[in-house]
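Down below is the structure, laid out as structure tokens.
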Amino acid sequence: PGGTVHGLPEAAEALSELDIPFAIHSDQLIASAAYYLAADAEFISTTRSASSGSIGTIIPWIDMAALWESYGYKWDPIISEGSDLKGIGFGPSLKPEHRAELQRTVDTAKADFLTHVQSARDVDDSALRGQALDAPEALEAGLIDYIENVDAAYDRFLQLLTK
């Protein structure tokens with residue numbers, strides 16, 4: 001369904017540079033990093049109950065300050081001078097400047113994600129808010145091209161190969 005940002009643009013570029021066509025079919029979920037990889041396909045099809053999209057990025061941060069405090073722990077790192085962004089994500093909570101840096105990171109990754117998807121597909125802006133859409137909505141928004149079973153997708157792909 002999803003994955004990490006690291007290596008994703010390079011993997012998508014490798015797929016787009018293939019000398020053979022490729023297509024995507026899913027009966028479950030094509031989301032986030034999986035959708036990034038799928039965007040360059042000749043066509044994307046899903047079954048009626050599948051979902052697609054989740055175009056966005058997230059760092060799933062949990063503030064652990066209250067838990068640490070309940071155990072008597074206090075975060076008190078010693079950080080080299082001028083390295084105020086060192087160790088982001090290691091403490092129980094985020095300083096405002098750490099949050100801002102992580103926000104910059106996810107915003108940069110999302111901008112790259114949007115650029116990639118929009119260069120490959122004509123996707124309606126309503127589908128670019130980070131949500132996964134069910135197949136009829138995904139079809140209407142341009143995230144997928146067909147709603148069909150795997151046999152129909154396979155036949156469609158074989159037709160593509162014989163062109």
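Identifiers in this document derive from the order of the structure tokens: chains are assigned A, B, ..., residues are numbered from 1 separately in each chain, and ligands are numbered from 1 in order of occurrence.
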
_Applying 8 Å and only C-alpha atoms, which residues near Gln28 (chain A) remain after dropping the ones on its own chain fewer than 6 positions away? List them as an MDAnalysis selection string._
chainID A and resid 46:47 49:51

*Determine, counting only C-alpha atoms, which protein, DNA and RNA residues have an atom within 10 Å of an atom of Glu42 (chain A); residues of the same chain fewer than 3 positions away are not included. Present the result as number ranges by chain.*
A: 16, 21-24, 38-39, 120, 145, 157, 160

*From a DSSP pass on the backbone, collect the residues of chain A flagged as strand (DSSP E or B) and hand them back as JSON, numbers by chain.*
{"A": [24, 25, 26, 29, 30, 31, 44, 45, 46, 51, 52, 53, 132, 133, 134, 146, 147]}

The selected residues should be written to file as a short mmCIF file (atom, residue, chain, number, x, y, z; two decimals), in the first residue's frame (atoms: N, CA and C atoms).
data_model
loop_
_atom_site.label_atom_id
_atom_site.label_comp_id
_atom_site.auth_asym_id
_atom_site.auth_seq_id
_atom_site.Cartn_x
_atom_site.Cartn_y
_atom_site.Cartn_z
N ILE A 24 -0.71 -1.66 -14.15
CA ILE A 24 -0.96 -1.94 -12.74
C ILE A 24 -2.41 -2.39 -12.59
N HIS A 25 -2.59 -3.45 -11.81
CA HIS A 25 -3.94 -3.88 -11.43
C HIS A 25 -3.92 -4.25 -9.96
N SER A 26 -4.96 -3.82 -9.24
CA SER A 26 -5.04 -4.14 -7.82
C SER A 26 -6.46 -4.51 -7.44
N LEU A 29 -5.36 -2.16 -2.66
CA LEU A 29 -4.95 -0.79 -2.38
C LEU A 29 -3.70 -0.41 -3.15
N ILE A 30 -3.77 0.71 -3.85
CA ILE A 30 -2.60 1.32 -4.49
C ILE A 30 -2.48 2.70 -3.85
N ALA A 31 -1.64 2.81 -2.84
CA ALA A 31 -1.62 4.05 -2.07
C ALA A 31 -0.20 4.52 -1.78
N ILE A 44 -3.85 1.95 -15.22
CA ILE A 44 -4.06 1.48 -13.86
C ILE A 44 -5.51 1.01 -13.78
N SER A 45 -5.69 -0.22 -13.34
CA SER A 45 -7.05 -0.72 -13.15
C SER A 45 -7.16 -1.34 -11.76
N THR A 46 -8.37 -1.32 -11.25
CA THR A 46 -8.63 -1.93 -9.95
C THR A 46 -9.99 -2.61 -10.00
N SER A 51 -9.05 0.56 -3.45
CA SER A 51 -8.86 2.00 -3.22
C SER A 51 -7.52 2.43 -3.81
N SER A 52 -7.44 3.71 -4.17
CA SER A 52 -6.22 4.26 -4.76
C SER A 52 -6.02 5.69 -4.29
N GLY A 53 -4.76 6.11 -4.28
CA GLY A 53 -4.46 7.50 -3.98
C GLY A 53 -3.49 7.66 -2.83
N ALA A 132 -7.25 8.23 0.25
CA ALA A 132 -7.42 7.13 -0.72
C ALA A 132 -8.88 7.12 -1.13
N LEU A 133 -9.12 6.94 -2.41
CA LEU A 133 -10.48 6.96 -2.94
C LEU A 133 -10.90 5.56 -3.36
N ASP A 134 -12.18 5.26 -3.18
CA ASP A 134 -12.67 3.97 -3.67
C ASP A 134 -12.69 4.01 -5.20
N TYR A 146 -9.48 2.13 -15.29
CA TYR A 146 -10.53 1.12 -15.48
C TYR A 146 -10.89 0.48 -14.16
N ILE A 147 -12.14 0.08 -14.05
CA ILE A 147 -12.60 -0.78 -12.96
C ILE A 147 -12.93 -2.11 -13.61
#

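Between CA of Asp84 (chain A) and CA of Glu101 (chain A) the separation is 10.8 Å.
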
*asked:* So that I can check the surroundings of Ile55 (chain A), please list as a PyMOL selection string every protein, DNA and RNA residue that reaches within 8 Å of it, counting only C-alpha atoms and ignoring chain neighbours fewer than 3 positions away.
replied: chain A and resi 31-32+35-36+110+113-114+127-132

*All helix (DSSP H, G or I) residues (DSSP, backbone) inside region 18-104 of chain A, as an MDAnalysis selection string*: chainID A and resid 33:38 65:70 96:104

Keeping C-alpha atoms, export the residues of the selection given above as a PDB file, in the first residue's frame.
ATOM      1  CA  ALA A  33       4.508   5.148  -2.431  1.00  0.00           C
ATOM      2  CA  ALA A  34       2.768   2.348  -4.355  1.00  0.00           C
ATOM      3  CA  TYR A  35       0.740   4.969  -6.235  1.00  0.00           C
ATOM      4  CA  TYR A  36       3.894   6.994  -6.909  1.00  0.00           C
ATOM      5  CA  LEU A  37       5.328   3.904  -8.627  1.00  0.00           C
ATOM      6  CA  ALA A  38       2.074   3.155 -10.458  1.00  0.00           C
ATOM      7  CA  ALA A  65       6.709  13.492  26.890  1.00  0.00           C
ATOM      8  CA  ALA A  66       3.950  12.495  29.355  1.00  0.00           C
ATOM      9  CA  LEU A  67       4.990   8.835  29.221  1.00  0.00           C
ATOM     10  CA  TRP A  68       8.646   9.677  29.791  1.00  0.00           C
ATOM     11  CA  GLU A  69       7.680  11.970  32.648  1.00  0.00           C
ATOM     12  CA  SER A  70       5.588   9.214  34.251  1.00  0.00           C
ATOM     13  CA  PRO A  96       9.098  24.277  17.441  1.00  0.00           C
ATOM     14  CA  GLU A  97      12.171  24.473  15.202  1.00  0.00           C
ATOM     15  CA  HIS A  98      12.242  20.658  14.944  1.00  0.00           C
ATOM     16  CA  ARG A  99       8.567  20.559  13.993  1.00  0.00           C
ATOM     17  CA  ALA A 100       9.203  23.243  11.368  1.00  0.00           C
ATOM     18  CA  GLU A 101      12.082  21.227   9.898  1.00  0.00           C
ATOM     19  CA  LEU A 102      10.011  18.041   9.740  1.00  0.00           C
ATOM     20  CA  GLN A 103       7.156  20.005   8.165  1.00  0.00           C
ATOM     21  CA  ARG A 104       9.573  21.311   5.535  1.00  0.00           C
TER      22      ARG A 104
END

*asked:* Just checking: using only C-alpha atoms, which residue out of A:Gly82, A:Pro92, A:Pro136, A:Pro60 ends up closest to Val106 (chain A)?
replied: A:Pro60

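Across the structure, CA of Val123 (chain A) and CA of Gly142 (chain A) are spaced 4.6 Å apart.
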
*asked:* So the first atom is CA of Asp40 (chain A) and the second is CA of Gly3 (chain A); what is the distance between them in Å, to one decimal place?
replied: 17.2 Å

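Nearest residue to Trp61 (chain A), choosing from A:Ser83, A:Ser93, A:Ser119, A:Thr108 and counting only C-alpha atoms: A:Ser93.
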